[in-house]
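Trainee: Contents of run.txt (compact mmCIF, C-alpha atoms):
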```txt
# COMPACT_ATOMS: atom_id res chain seq x y z
CA MET A 30 125.66 15.67 -57.23
CA ALA A 31 122.76 17.44 -58.94
CA PHE A 32 121.84 19.20 -55.69
CA LEU A 33 125.45 19.90 -54.69
CA ASN A 34 126.31 21.45 -58.05
CA LYS A 35 123.04 23.38 -58.15
CA ALA A 36 123.77 24.72 -54.66
CA LEU A 37 127.25 25.76 -55.77
CA PHE A 38 125.83 27.59 -58.78
CA GLU A 39 122.80 29.17 -57.12
CA ILE A 40 123.61 29.74 -53.44
CA THR A 41 127.24 30.82 -53.83
CA ASP A 42 126.76 32.27 -57.35
CA PHE A 43 129.86 30.41 -58.58
CA GLN A 44 128.73 29.67 -62.14
CA ASN A 45 131.97 28.42 -63.66
CA SER A 46 131.06 24.89 -64.67
CA LEU A 47 134.15 24.02 -66.73
CA PHE A 48 136.42 25.11 -63.89
CA VAL A 49 134.43 22.83 -61.55
CA ILE A 50 134.92 19.89 -63.93
CA PHE A 51 138.63 20.71 -64.28
CA VAL A 52 139.09 20.67 -60.50
CA GLN A 53 137.17 17.38 -60.16
CA LEU A 54 139.43 15.69 -62.74
CA LEU A 55 142.53 17.16 -61.12
CA PHE A 56 141.33 15.87 -57.74
CA ILE A 57 141.04 12.33 -59.15
CA ILE A 58 144.55 12.42 -60.62
CA LEU A 59 146.13 13.82 -57.46
CA SER A 60 144.27 11.26 -55.33
CA PHE A 61 145.81 8.44 -57.37
CA GLN A 62 149.27 9.99 -57.02
CA LEU A 63 148.83 10.36 -53.26
CA LEU A 64 147.56 6.80 -52.79
CA GLY A 65 150.40 5.56 -54.99
CA SER A 66 153.05 7.40 -52.98
CA MET A 67 151.58 5.86 -49.81
CA ARG A 68 151.76 2.42 -51.50
CA ILE A 69 148.03 1.88 -50.91
CA MET A 70 147.34 1.21 -54.61
CA PRO A 71 149.41 1.24 -57.79
CA VAL A 72 149.19 4.21 -60.13
CA PRO A 73 148.18 3.09 -63.66
CA VAL A 74 150.64 3.82 -66.44
CA LEU A 75 149.28 5.74 -69.42
CA THR A 76 150.61 4.28 -72.67
CA GLN A 77 150.28 5.49 -76.24
CA THR A 78 147.91 2.62 -76.94
CA ASP A 79 145.71 3.73 -74.03
CA VAL A 80 145.53 7.24 -75.47
CA TYR A 81 144.35 5.92 -78.84
CA THR A 82 141.93 3.50 -77.20
CA PHE A 83 140.29 5.85 -74.72
CA LEU A 84 140.43 9.10 -76.70
CA ILE A 85 136.90 8.80 -78.12
CA PRO A 86 135.27 7.74 -74.80
CA SER A 87 137.05 10.60 -73.02
CA ILE A 88 135.81 13.10 -75.61
CA PHE A 89 132.23 11.92 -75.10
CA TYR A 90 132.77 12.03 -71.32
CA SER A 91 134.00 15.62 -71.44
CA LEU A 92 131.14 16.75 -73.67
CA SER A 93 128.60 14.94 -71.51
CA THR A 94 129.85 16.46 -68.26
CA ILE A 95 130.13 19.96 -69.69
CA ALA A 96 126.64 19.82 -71.24
CA SER A 97 125.14 18.42 -68.03
CA LEU A 98 126.45 21.21 -65.83
CA GLN A 99 125.58 23.87 -68.39
CA ALA A 100 121.99 22.61 -68.44
CA LEU A 101 121.86 22.32 -64.65
CA MET A 102 122.77 25.98 -64.25
CA LYS A 103 119.63 27.05 -66.16
CA LEU A 104 117.12 24.27 -65.44
CA ASN A 105 115.16 23.33 -62.35
CA VAL A 106 116.67 20.24 -60.69
CA ALA A 107 113.47 18.22 -61.24
CA ILE A 108 113.41 19.02 -64.97
CA TYR A 109 117.14 18.33 -65.25
CA VAL A 110 116.70 14.90 -63.63
CA LEU A 111 113.69 14.18 -65.83
CA ILE A 112 115.72 14.87 -68.97
CA LYS A 113 118.57 12.71 -67.67
CA ARG A 114 116.05 9.86 -67.19
CA CYS A 115 116.00 9.61 -70.98
CA THR A 116 119.57 8.25 -70.89
CA PRO A 117 118.49 4.55 -70.67
CA ALA A 118 116.37 4.99 -73.78
CA PHE A 119 119.24 6.42 -75.82
CA THR A 120 121.63 3.84 -74.37
CA PHE A 121 119.31 1.03 -75.39
CA PHE A 122 119.00 2.36 -78.95
CA LEU A 123 122.69 3.19 -79.37
CA GLN A 124 124.04 -0.08 -77.98
CA ALA A 125 122.75 -1.85 -81.08
CA ILE A 126 125.09 0.39 -83.09
CA VAL A 127 128.08 0.70 -80.74
CA LEU A 128 128.10 -2.80 -79.22
CA LYS A 129 125.99 -4.55 -81.87
CA GLU A 130 123.75 -5.99 -79.15
CA LYS A 131 120.02 -6.38 -78.62
CA LYS A 132 117.08 -5.42 -80.70
CA LEU A 133 114.24 -3.34 -79.32
CA ASP A 134 111.28 -5.51 -78.30
CA PHE A 135 107.70 -4.27 -77.96
CA LYS A 136 107.60 -3.89 -74.16
CA THR A 137 110.88 -2.02 -73.99
CA GLY A 138 109.84 0.13 -76.94
CA ILE A 139 106.67 1.19 -75.09
CA CYS A 140 108.75 2.10 -72.02
CA VAL A 141 111.19 4.12 -74.11
CA LEU A 142 108.25 5.93 -75.74
CA GLY A 143 106.74 6.60 -72.29
CA ILE A 144 109.97 8.05 -70.89
CA THR A 145 110.42 10.35 -73.86
CA SER A 146 106.75 11.36 -73.99
CA GLY A 147 106.77 12.23 -70.29
CA ALA A 148 109.78 14.48 -70.75
CA VAL A 149 108.15 16.16 -73.77
CA ILE A 150 104.83 16.74 -71.94
CA THR A 151 106.66 18.24 -68.98
CA SER A 152 108.75 20.53 -71.15
CA ILE A 153 105.68 21.77 -73.06
CA SER A 154 103.90 22.61 -69.80
CA ASP A 155 106.97 24.38 -68.38
CA LEU A 156 106.07 28.08 -68.34
CA THR A 157 109.74 28.97 -67.85
CA PHE A 158 110.74 26.93 -70.91
CA HIS A 159 114.29 27.73 -72.01
CA PHE A 160 115.02 26.08 -75.36
CA GLU A 161 118.81 26.36 -75.12
CA SER A 162 118.89 24.63 -71.73
CA TYR A 163 116.59 21.82 -72.88
CA PHE A 164 118.70 21.38 -76.02
CA ILE A 165 121.96 21.26 -74.06
CA GLY A 166 120.38 18.84 -71.56
CA SER A 167 119.31 16.57 -74.44
CA LEU A 168 122.84 16.67 -75.85
CA SER A 169 124.21 15.64 -72.45
CA VAL A 170 121.95 12.56 -72.55
CA VAL A 171 123.25 11.54 -75.97
CA PHE A 172 126.90 12.14 -75.02
CA GLN A 173 126.48 10.25 -71.74
CA SER A 174 125.05 7.23 -73.55
CA LEU A 175 127.90 7.31 -76.05
CA TYR A 176 130.62 7.60 -73.42
CA LEU A 177 129.17 4.76 -71.32
CA LEU A 178 128.92 2.48 -74.35
CA THR A 179 132.31 3.33 -75.84
CA MET A 180 133.91 3.04 -72.40
CA GLN A 181 132.38 -0.43 -72.01
CA ARG A 182 133.65 -1.47 -75.44
CA CYS A 183 137.19 -0.14 -74.95
CA SER A 184 137.87 -1.28 -71.39
CA GLU A 185 137.48 -5.04 -71.59
CA HIS A 186 140.99 -5.71 -70.25
CA LYS A 187 141.20 -2.83 -67.77
CA SER A 188 140.08 -2.43 -64.17
CA SER A 189 137.69 0.35 -63.17
CA SER A 190 140.46 2.23 -61.36
CA ASP A 191 142.69 2.09 -64.45
CA VAL A 192 139.86 3.42 -66.62
CA LEU A 193 139.07 6.19 -64.14
CA TYR A 194 142.68 7.38 -64.00
CA ILE A 195 143.29 7.12 -67.76
CA ASN A 196 140.04 8.91 -68.59
CA SER A 197 140.89 11.73 -66.16
CA LEU A 198 144.37 12.17 -67.65
CA ILE A 199 143.02 12.39 -71.19
CA ALA A 200 139.96 14.52 -70.37
CA LEU A 201 141.83 17.07 -68.19
CA PRO A 202 143.68 18.88 -71.03
CA MET A 203 140.58 18.79 -73.24
CA VAL A 204 138.46 20.48 -70.59
CA PHE A 205 141.22 23.02 -69.95
CA VAL A 206 141.49 23.95 -73.63
CA LEU A 207 137.70 24.29 -73.96
CA MET A 208 137.65 26.43 -70.81
CA ILE A 209 140.32 28.76 -72.21
CA LEU A 210 138.88 29.05 -75.72
CA PHE A 211 135.13 29.23 -75.15
CA THR A 212 134.50 30.55 -71.62
CA ASN A 213 135.58 33.28 -69.25
CA ASP A 214 135.87 30.89 -66.32
CA LEU A 215 139.48 31.72 -65.47
CA SER A 216 138.88 35.46 -65.30
CA ASN A 217 135.62 34.87 -63.41
CA VAL A 218 137.43 32.67 -60.89
CA GLN A 219 140.05 35.37 -60.33
CA SER A 220 137.42 38.07 -59.79
CA TYR A 221 135.07 35.96 -57.67
CA SER A 222 134.47 37.57 -54.26
CA GLY A 223 133.00 34.70 -52.27
CA TYR A 224 136.14 32.83 -51.26
CA THR A 225 135.84 34.04 -47.68
CA THR A 226 132.40 32.49 -47.16
CA PHE A 227 131.88 29.13 -45.49
CA SER A 228 129.08 28.13 -47.88
CA PHE A 229 131.36 28.38 -50.91
CA TRP A 230 134.02 26.07 -49.54
CA LEU A 231 131.37 23.66 -48.23
CA TYR A 232 129.68 23.23 -51.60
CA PHE A 233 132.87 23.50 -53.66
CA LEU A 234 134.74 20.81 -51.70
CA ALA A 235 131.63 18.61 -51.55
CA SER A 236 131.20 18.96 -55.32
CA THR A 237 134.86 18.13 -55.93
CA LEU A 238 134.85 15.07 -53.68
CA GLY A 239 131.43 13.94 -54.89
CA GLY A 240 132.44 14.31 -58.53
CA GLY A 241 135.42 12.01 -58.01
CA LEU A 242 133.33 9.41 -56.20
CA LEU A 243 130.59 9.60 -58.83
CA ASN A 244 133.07 9.03 -61.67
CA GLY A 245 134.67 6.14 -59.83
CA SER A 246 131.37 4.42 -59.03
CA THR A 247 130.09 4.97 -62.59
CA PHE A 248 133.14 3.34 -64.20
CA TRP A 249 133.03 0.51 -61.65
CA CYS A 250 129.38 -0.16 -62.47
CA VAL A 251 130.09 -0.17 -66.20
CA MET A 252 132.97 -2.63 -65.73
CA LYS A 253 131.00 -4.97 -63.44
CA ASN A 254 127.67 -4.79 -65.26
CA SER A 255 127.06 -2.87 -68.47
CA ALA A 256 126.44 0.61 -69.81
CA LEU A 257 122.69 -0.03 -69.94
CA THR A 258 122.55 -1.27 -66.34
CA THR A 259 124.48 1.80 -65.23
CA SER A 260 121.98 4.09 -66.93
CA VAL A 261 118.83 2.41 -65.53
CA VAL A 262 119.81 1.99 -61.87
CA GLY A 263 118.62 4.48 -59.31
CA VAL A 264 114.97 4.87 -60.28
CA LEU A 265 113.93 5.50 -56.66
CA LYS A 266 116.72 8.07 -56.40
CA SER A 267 115.28 9.87 -59.42
CA ILE A 268 111.83 9.98 -57.81
CA LEU A 269 113.26 11.61 -54.67
CA GLN A 270 115.34 14.01 -56.76
CA ILE A 271 112.30 15.15 -58.71
CA LEU A 272 110.10 15.55 -55.62
CA PHE A 273 112.70 17.65 -53.80
CA GLY A 274 113.78 19.42 -56.97
CA LEU A 275 110.31 20.86 -57.54
CA PHE A 276 110.51 22.93 -54.37
CA VAL A 277 114.15 23.92 -53.90
CA PHE A 278 116.49 26.54 -55.37
CA ASP A 279 114.07 28.11 -57.85
CA ARG A 280 110.35 28.27 -58.39
CA PHE A 281 108.74 25.93 -60.86
CA SER A 282 105.25 26.14 -62.27
CA ILE A 283 103.33 22.98 -61.39
CA ASN A 284 100.16 22.15 -63.32
CA ILE A 285 98.26 19.05 -64.38
CA ASN A 286 100.41 18.53 -67.49
CA THR A 287 103.57 18.75 -65.41
CA ILE A 288 102.30 16.10 -63.01
CA ILE A 289 101.17 13.83 -65.88
CA GLY A 290 104.50 14.17 -67.67
CA ILE A 291 106.58 13.46 -64.56
CA LEU A 292 104.46 10.46 -63.51
CA LEU A 293 104.47 9.03 -67.04
CA SER A 294 108.24 9.33 -67.34
CA LEU A 295 108.88 7.86 -63.89
CA PHE A 296 106.45 4.97 -64.41
CA ALA A 297 107.90 4.14 -67.83
CA GLY A 298 111.44 4.38 -66.44
CA THR A 299 110.54 2.06 -63.57
CA MET A 300 108.99 -0.50 -65.95
CA PHE A 301 112.01 -0.19 -68.23
CA SER A 302 114.32 -1.04 -65.34
CA TYR A 303 112.05 -3.91 -64.30
CA TYR A 304 112.03 -5.46 -67.78
CA GLU A 305 115.80 -5.14 -68.07
CA TYR A 306 116.27 -6.75 -64.65
CA THR A 307 113.89 -9.66 -65.34
CA ALA A 308 115.45 -10.24 -68.77
CA LYS A 309 118.90 -10.41 -67.18
CA GLN A 310 117.62 -12.80 -64.50
CA LYS A 311 116.04 -15.08 -67.11
CA LYS A 312 119.25 -15.08 -69.10
CA THR A 313 121.23 -16.02 -65.98
CA VAL A 314 118.79 -18.82 -65.07
CA THR A 315 118.79 -20.15 -68.64
CA SER A 316 122.58 -20.16 -68.72
CA THR A 317 122.74 -21.93 -65.34
CA ASN A 318 120.18 -24.54 -66.40
CA HIS A 319 122.07 -25.16 -69.64
CA ILE A 320 125.32 -25.73 -67.76
CA GLY A 321 123.53 -28.01 -65.29
CA TYR A 322 121.94 -29.95 -68.14
CA GLU A 323 125.31 -30.53 -69.79
CA GLU A 324 126.76 -31.72 -66.48
CA ARG A 325 123.86 -34.17 -66.00
CA ILE A 326 124.39 -35.49 -69.53
CA ARG A 327 128.07 -36.10 -68.83
CA GLU A 328 127.27 -37.82 -65.53
CA SER A 329 124.63 -40.07 -67.10
CA THR A 330 127.04 -40.94 -69.92
CA ASN A 331 129.70 -41.96 -67.44
CA LEU A 332 127.16 -44.11 -65.55
CA SER A 333 125.87 -45.80 -68.71
CA PHE A 334 129.34 -46.70 -69.94
CA PRO A 335 131.36 -47.54 -66.83
CA THR A 336 135.01 -48.12 -67.25
CA GLN A 337 135.72 -51.81 -66.52
CA GLU A 338 139.06 -53.43 -66.15
CA MET A 339 139.61 -56.28 -68.63
CA PRO A 340 140.47 -59.59 -66.97
CA ILE A 341 143.94 -60.77 -67.66
CA ASN A 342 144.37 -64.40 -68.66
CA SER A 343 147.56 -65.29 -66.88
CA GLU A 344 147.86 -68.59 -68.76
CA LYS A 345 148.45 -66.75 -72.04
CA LEU A 346 151.24 -64.82 -70.45
CA VAL A 347 153.17 -67.99 -69.54
CA PRO A 348 155.52 -69.07 -72.36
```
The structure given in the file should be rewritten as structure tokens.

Mentor:
Amino acid sequence: MAFLNKALFEITDFQNSLFVIFVQLLFIILSFQLLGSMRIMPVPVLTQTDVYTFLIPSIFYSLSTIASLQALMKLNVAIYVLIKRCTPAFTFFLQAIVLKEKKLDFKTGICVLGITSGAVITSISDLTFHFESYFIGSLSVVFQSLYLLTMQRCSEHKSSSDVLYINSLIALPMVFVLMILFTNDLSNVQSYSGYTTFSFWLYFLASTLGGGLLNGSTFWCVMKNSALTTSVVGVLKSILQILFGLFVFDRFSININTIIGILLSLFAGTMFSYYEYTAKQKKTVTSTNHIGYEERIRESTNLSFPTQEMPINSEKLVP
């Protein structure tokens, strides 16, 4: 999605990010309606309780998506991905507040420090440093962590498809209002002259379809795993994104500090994911062993105290 959106912004010069988000949300809603009319899947019903429950997560989702695309328009793809790699760190810190889970241990703290330090070193060595873009990109990281965590907290009794549809319904009018009040996207869309080109429709349709699939897979991962797991998966994908992102779309100044910062951030992010994975595995094994131990205790108790039938003295039963 980073490369598709960047191609849409750079190659076709269609830099209307809020309109792109609006169309992606509309595509999700219409897809549910179409699948529902074909009786392939039921269309979730939006209730007043759902609006109250998912309003805050949808606000964070809208702000995260808007900030991400705004930053992507100005930043190199590699730098954009590097900033987004800070999401697990913020998610880990914020989950103690939002979900009241986990405390930061030493190993994980070192990884979080490494991820952040790598991003800082890279930004300092970036000769094309654009403070506004870095600031907006950092805000997108914070908003993404908040929307993943609040979505996890609010959707305990909902399926991923229900959450996807409800979030799209609530976020759509918010994005539309922000687009009308704070941007010129609608007038820019009307005056855009590239609708007759094949490249525009290729990247626009790919971005729309990919945005829907990305939202669906993200919510599914949050429902099946956790917000933290969702934010740490895909480390190898990030490495490929950064390697390709250094050499496509726009020029980027590469020096020794850039290389050190990128390697430090990627290594720390990889170790962070490894520690989270091993901790989850240990927790699963411990839970399994505990259940097995309780079952063995029950079995040994049943063997030690077998149920025996008491002999009946028939003579006492005769009057």

Trainee: How many Å separate atom CA of A:Thr145 from atom CA of A:Leu104?

Mentor: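 Atom-to-atom, atom CA of A:Thr145 and atom CA of A:Leu104 are spaced 17.6 Å apart.
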
Trainee: Under the rule that all atoms listed in the file are counted, which of A:Thr212, A:Gln62, A:Gln270, A:Thr82 is the nearest residue to A:Ile199?

Mentor: A:Thr82

Trainee: Between A:Ser46, A:Thr151, A:Ser87, A:Ser228, which one has atoms that come closest to A:Ala107, using all atoms listed in the file?

Mentor: A:Thr151

Trainee: Between atom CA of A:Leu142 and atom CA of A:Trp249, what is the distance, to one decimal in Å?

Mentor: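 Here the two named atoms are 29.0 Å from each other.
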
Trainee: One decimal, in Å: what's the spacing between atom CA of A:Asp42 and atom CA of A:Gly239?

Mentor: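 One can read the atom CA of A:Asp42 to atom CA of A:Gly239 distance as 19.1 Å.
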
Trainee: Measuring atom to atom with only C-alpha atoms, identify which of A:Asn217, A:Ser255, A:Ser294, A:Asn105 is nearest to A:Ser146.

Mentor: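 Result for the nearest residue to A:Ser146: A:Ser294.
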
Trainee: For the point (150.3, 2.8, -64.1) in file coordinates, what residues are within 12 Å, counting all atoms listed in the file? Give the answer as a PDB file with C-alpha atoms, in the frame of the given file?

Mentor:
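Once written, selection.pdb looks like this:
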```
ATOM      1  CA  ILE A  58     144.550  12.420 -60.620  1.00  0.00           C
ATOM      2  CA  PHE A  61     145.810   8.440 -57.370  1.00  0.00           C
ATOM      3  CA  GLN A  62     149.270   9.990 -57.020  1.00  0.00           C
ATOM      4  CA  GLY A  65     150.400   5.560 -54.990  1.00  0.00           C
ATOM      5  CA  MET A  70     147.340   1.210 -54.610  1.00  0.00           C
ATOM      6  CA  PRO A  71     149.410   1.240 -57.790  1.00  0.00           C
ATOM      7  CA  VAL A  72     149.190   4.210 -60.130  1.00  0.00           C
ATOM      8  CA  PRO A  73     148.180   3.090 -63.660  1.00  0.00           C
ATOM      9  CA  VAL A  74     150.640   3.820 -66.440  1.00  0.00           C
ATOM     10  CA  LEU A  75     149.280   5.740 -69.420  1.00  0.00           C
ATOM     11  CA  THR A  76     150.610   4.280 -72.670  1.00  0.00           C
ATOM     12  CA  ASP A  79     145.710   3.730 -74.030  1.00  0.00           C
ATOM     13  CA  LYS A 187     141.200  -2.830 -67.770  1.00  0.00           C
ATOM     14  CA  SER A 188     140.080  -2.430 -64.170  1.00  0.00           C
ATOM     15  CA  SER A 190     140.460   2.230 -61.360  1.00  0.00           C
ATOM     16  CA  ASP A 191     142.690   2.090 -64.450  1.00  0.00           C
ATOM     17  CA  VAL A 192     139.860   3.420 -66.620  1.00  0.00           C
ATOM     18  CA  LEU A 193     139.070   6.190 -64.140  1.00  0.00           C
ATOM     19  CA  TYR A 194     142.680   7.380 -64.000  1.00  0.00           C
ATOM     20  CA  ILE A 195     143.290   7.120 -67.760  1.00  0.00           C
ATOM     21  CA  LEU A 198     144.370  12.170 -67.650  1.00  0.00           C
TER      22      LEU A 198
END
```

Trainee: Hey, which of A:Tyr221, A:Tyr81, A:Phe227, A:Phe160 ends up closest to A:Cys183? Count all atoms listed in the file.

Mentor: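 Residue with the minimum atom-to-atom distance to A:Cys183: A:Tyr81.
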
Trainee: Distance table requested - stretch 170-241 of chain A against stretch 91-102 of chain A, cut-off 8 Å, only C-alpha atoms: one row per qualifying residue with the closest atom pair and its distance in Å to one decimal, ordered by chain and rising residue number, as a tab-separated table.

Mentor:
```
residue	atom	partner	partner_atom	distance
A:Val170	CA	A:Ser93	CA	7.1
A:Val171	CA	A:Ser93	CA	7.8
A:Phe172	CA	A:Ser93	CA	4.8
A:Gln173	CA	A:Ser93	CA	5.2
A:Tyr176	CA	A:Ser93	CA	7.8
A:Ala200	CA	A:Ser91	CA	6.2
A:Met203	CA	A:Ser91	CA	7.5
A:Val204	CA	A:Ser91	CA	6.7
```

Trainee: Restricting the calculation to all atoms listed in the file, which member of A:Ser189, A:Ser216, A:Ser197, A:Gln124 is positioned closest to A:Leu175?

Mentor: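 Closest candidate: A:Gln124.
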
Trainee: Could you tell me which of A:Thr225, A:Met67, A:Ile285, A:Thr259 comes closest to A:Ser246 if we count all atoms listed in the file?

Mentor: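 Closest residue, counting all atoms listed in the file: A:Thr259.
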